[in-house]
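Take a look at the structure below.
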Amino acid sequence: MKLMRSFSQSSFIVLVLMLSFACFTRAQEVDDEREFSYEEDSEIGPGNWGNIRPEWGECNSGRLQSPIDLLNERVEEVSHLGRFKRNYRPSNATLINRGHDMMLRWTNDAGHIQINGTLYHLRQCHWHSPSEHTINGKRCDRNHVQIGRLDSFLSMLKRDFEAIVETRDVERTVGVVNPKLVEWGSRKYYRYMGSLTVPPCTQNIIWTMMKKVRTVTREQVELIREAVHDESEMNARPIQPIHERRINLYRPKDREN
């Protein structure tokens with residue numbers, strides 16, 4: 001599970017094993033992702049994103065780019081950031097195929113979380129496969145996933161994903177979705193300064209990622225990828241250089257455990 005926030009806007013992301021729900025302010029990211037590709041040998045692949053549009057230049061030149069490898073030797077444990085405080089509420093939502101991922105967008109106020117005194121308002125979720133960030137060089141992918149219990153939040157959306165697979169629709173009204181059903185399961189989280197992982201690769205984004213890796217089934221992963229219809233087996237950007245950045249790991253004090 002992961003969260004992220006820009007300097008000017010509140011935003012939020014959740015990571016589940018090799019899939020990530022990415023929830024952040026819509027104005028900063030591309031709605032139509034067909035302009036770029038995740039194929040590394042493509043003219044519009046990750047290494048060339050910064051050449052596609054002038055405003056995407058940071059994708060190639062930025063020194064605070066994401067995702068990164070959460071390397072143990074770079075991690076510093078801290079306890080001053082404080083615990084997450086969730087205040088979510090059920091709200092109407094729409095499932096959208098953006099070209100390379102499926103996005104669940106809440107159309108009304110779905111609530112917020114609070115961390116270190118700052119509110120992060122829930123806007124949308126989307127999924128990545130394999131995982132974007134790595135831990136000590138290890139990335140959870142389609143072929144090496146530790147299959148476990150199904151994810152209940154994804155199970156709730158199964159019919160909607162299946163409908164998009166069958167009809168090849170771009171958008172589908174889902175109805176009321178309760179974000180409280182997203183399972184977290186950990187009080188520990190990583191935190192570092194990075195960027196959006198899709199063009200325009202905006203920097204000065206504070207990433208917050210839950211330490212515990214949650215489980216999904218292989219069938220759930222494949223269903224989400226089939227719904228996208230981009231004939232690609234992945235939608236995760238390659239790991240970016242750390243460039244001397246520090247990574248904090250929040251660990252509750254003993255009395256909080």
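Identifiers for the structure tokens are assigned positionally: chains receive A, B, ... in sequence, residues are indexed from 1 per chain, and ligands are indexed from 1 in the order shown.
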
Selection: 6 Å around stretch 77-81 of chain A, only C-alpha atoms, excl. self and same-chain fewer than 6 positions, as a ChimeraX atom specification: /A:116,248-252

Generate the output file for the selected residues, C-alpha atoms, as a PDB file, in the first residue's frame.
ATOM      1  CA  ASN A 116       1.676  14.093  10.101  1.00  0.00           C
ATOM      2  CA  ASN A 248      12.387   6.968   6.008  1.00  0.00           C
ATOM      3  CA  LEU A 249      10.660   3.962   7.544  1.00  0.00           C
ATOM      4  CA  TYR A 250       8.065   4.902  10.134  1.00  0.00           C
ATOM      5  CA  ARG A 251       7.989   2.394  13.007  1.00  0.00           C
ATOM      6  CA  PRO A 252       5.526   2.997  15.882  1.00  0.00           C
TER       7      PRO A 252
END

Running DSSP on the backbone, which parts of stretch 30-176 of chain A land in helix (DSSP H, G or I), as a ChimeraX atom specification? /A:33-35,46-52,54-56,58-61,72-74,152-156,158-167

For a test of reading the model, state the distance in Å between atom CA of A:Gly148 and atom CA of A:Thr215, rounded to one decimal.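 Separating atom CA of A:Gly148 from atom CA of A:Thr215 is a distance of 5.1 Å.
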
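Counting only C-alpha atoms, the residue from A:Arg168, A:Arg123, A:Lys212, A:Arg191 that sits nearest to A:Asp109 is A:Arg123.
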
Selection: 8 Å around A:Gln203, only C-alpha atoms, excl. self and same-chain fewer than 6 positions, as a VMD selection string: chain A and resid 6 58 62 64 to 65 194 to 196

Create the file for the chosen residues now, containing all heavy atoms and written as a PDB file, in the first residue's frame.
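Result saved to result.pdb:
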ATOM      1  N   SER A   6       1.758  15.722  -3.592  1.00  0.00           N
ATOM      2  CA  SER A   6       2.578  16.763  -4.191  1.00  0.00           C
ATOM      3  C   SER A   6       2.604  17.973  -3.267  1.00  0.00           C
ATOM      4  O   SER A   6       1.828  18.068  -2.341  1.00  0.00           O
ATOM      5  CB  SER A   6       1.991  17.180  -5.549  1.00  0.00           C
ATOM      6  OG  SER A   6       0.832  17.959  -5.349  1.00  0.00           O
ATOM      7  N   GLU A  58      10.949  16.344 -17.565  1.00  0.00           N
ATOM      8  CA  GLU A  58      11.486  15.808 -16.314  1.00  0.00           C
ATOM      9  C   GLU A  58      11.557  14.283 -16.302  1.00  0.00           C
ATOM     10  O   GLU A  58      12.308  13.709 -15.514  1.00  0.00           O
ATOM     11  CB  GLU A  58      10.648  16.299 -15.119  1.00  0.00           C
ATOM     12  CG  GLU A  58      10.959  17.724 -14.708  1.00  0.00           C
ATOM     13  CD  GLU A  58      10.308  18.104 -13.390  1.00  0.00           C
ATOM     14  OE1 GLU A  58       9.174  17.652 -13.135  1.00  0.00           O
ATOM     15  OE2 GLU A  58      10.934  18.874 -12.624  1.00  0.00           O
ATOM     16  N   GLY A  62      14.918  14.712 -14.769  1.00  0.00           N
ATOM     17  CA  GLY A  62      14.712  14.895 -13.333  1.00  0.00           C
ATOM     18  C   GLY A  62      15.586  14.001 -12.478  1.00  0.00           C
ATOM     19  O   GLY A  62      15.898  12.867 -12.854  1.00  0.00           O
ATOM     20  N   LEU A  64      14.696  13.422  -9.174  1.00  0.00           N
ATOM     21  CA  LEU A  64      13.846  12.933  -8.086  1.00  0.00           C
ATOM     22  C   LEU A  64      12.761  12.028  -8.651  1.00  0.00           C
ATOM     23  O   LEU A  64      11.607  12.090  -8.261  1.00  0.00           O
ATOM     24  CB  LEU A  64      13.211  14.104  -7.331  1.00  0.00           C
ATOM     25  CG  LEU A  64      14.134  15.073  -6.617  1.00  0.00           C
ATOM     26  CD1 LEU A  64      13.335  16.222  -6.012  1.00  0.00           C
ATOM     27  CD2 LEU A  64      14.946  14.376  -5.535  1.00  0.00           C
ATOM     28  N   GLN A  65      13.136  11.166  -9.586  1.00  0.00           N
ATOM     29  CA  GLN A  65      12.160  10.354 -10.293  1.00  0.00           C
ATOM     30  C   GLN A  65      11.798   9.073  -9.539  1.00  0.00           C
ATOM     31  O   GLN A  65      12.577   8.545  -8.750  1.00  0.00           O
ATOM     32  CB  GLN A  65      12.684  10.017 -11.695  1.00  0.00           C
ATOM     33  CG  GLN A  65      12.755  11.221 -12.624  1.00  0.00           C
ATOM     34  CD  GLN A  65      11.366  11.754 -12.963  1.00  0.00           C
ATOM     35  OE1 GLN A  65      10.574  11.104 -13.640  1.00  0.00           O
ATOM     36  NE2 GLN A  65      11.058  12.958 -12.469  1.00  0.00           N
ATOM     37  N   GLY A 194       9.850  11.898  -4.366  1.00  0.00           N
ATOM     38  CA  GLY A 194       9.986  11.337  -5.701  1.00  0.00           C
ATOM     39  C   GLY A 194       9.163  12.083  -6.727  1.00  0.00           C
ATOM     40  O   GLY A 194       9.087  13.315  -6.716  1.00  0.00           O
ATOM     41  N   SER A 195       8.507  11.326  -7.613  1.00  0.00           N
ATOM     42  CA  SER A 195       7.769  11.924  -8.725  1.00  0.00           C
ATOM     43  C   SER A 195       6.577  11.042  -9.098  1.00  0.00           C
ATOM     44  O   SER A 195       6.436   9.922  -8.607  1.00  0.00           O
ATOM     45  CB  SER A 195       8.677  12.055  -9.959  1.00  0.00           C
ATOM     46  OG  SER A 195       8.893  10.775 -10.550  1.00  0.00           O
ATOM     47  N   LEU A 196       5.740  11.546 -10.010  1.00  0.00           N
ATOM     48  CA  LEU A 196       4.741  10.693 -10.641  1.00  0.00           C
ATOM     49  C   LEU A 196       5.475   9.639 -11.466  1.00  0.00           C
ATOM     50  O   LEU A 196       6.548   9.903 -12.001  1.00  0.00           O
ATOM     51  CB  LEU A 196       3.832  11.507 -11.566  1.00  0.00           C
ATOM     52  CG  LEU A 196       2.938  12.566 -10.929  1.00  0.00           C
ATOM     53  CD1 LEU A 196       2.142  13.275 -12.018  1.00  0.00           C
ATOM     54  CD2 LEU A 196       1.997  11.958  -9.910  1.00  0.00           C
TER      55      LEU A 196
END

Can you tell me which residues surround A:Cys201 at a distance of at most 12 Å, considering only C-alpha atoms, apart from same-chain residues fewer than 6 positions away, and format the answer as an MDAnalysis selection string? chainID A and resid 6 28:30 46 49:50 53:67 194:195 237 240

At a cut-off of 7 Å, using only C-alpha atoms, what residues contact A:Gln114? Leave out same-chain residues fewer than 3 positions from it and give the result as a VMD selection string. chain A and resid 84 to 86 117 to 120
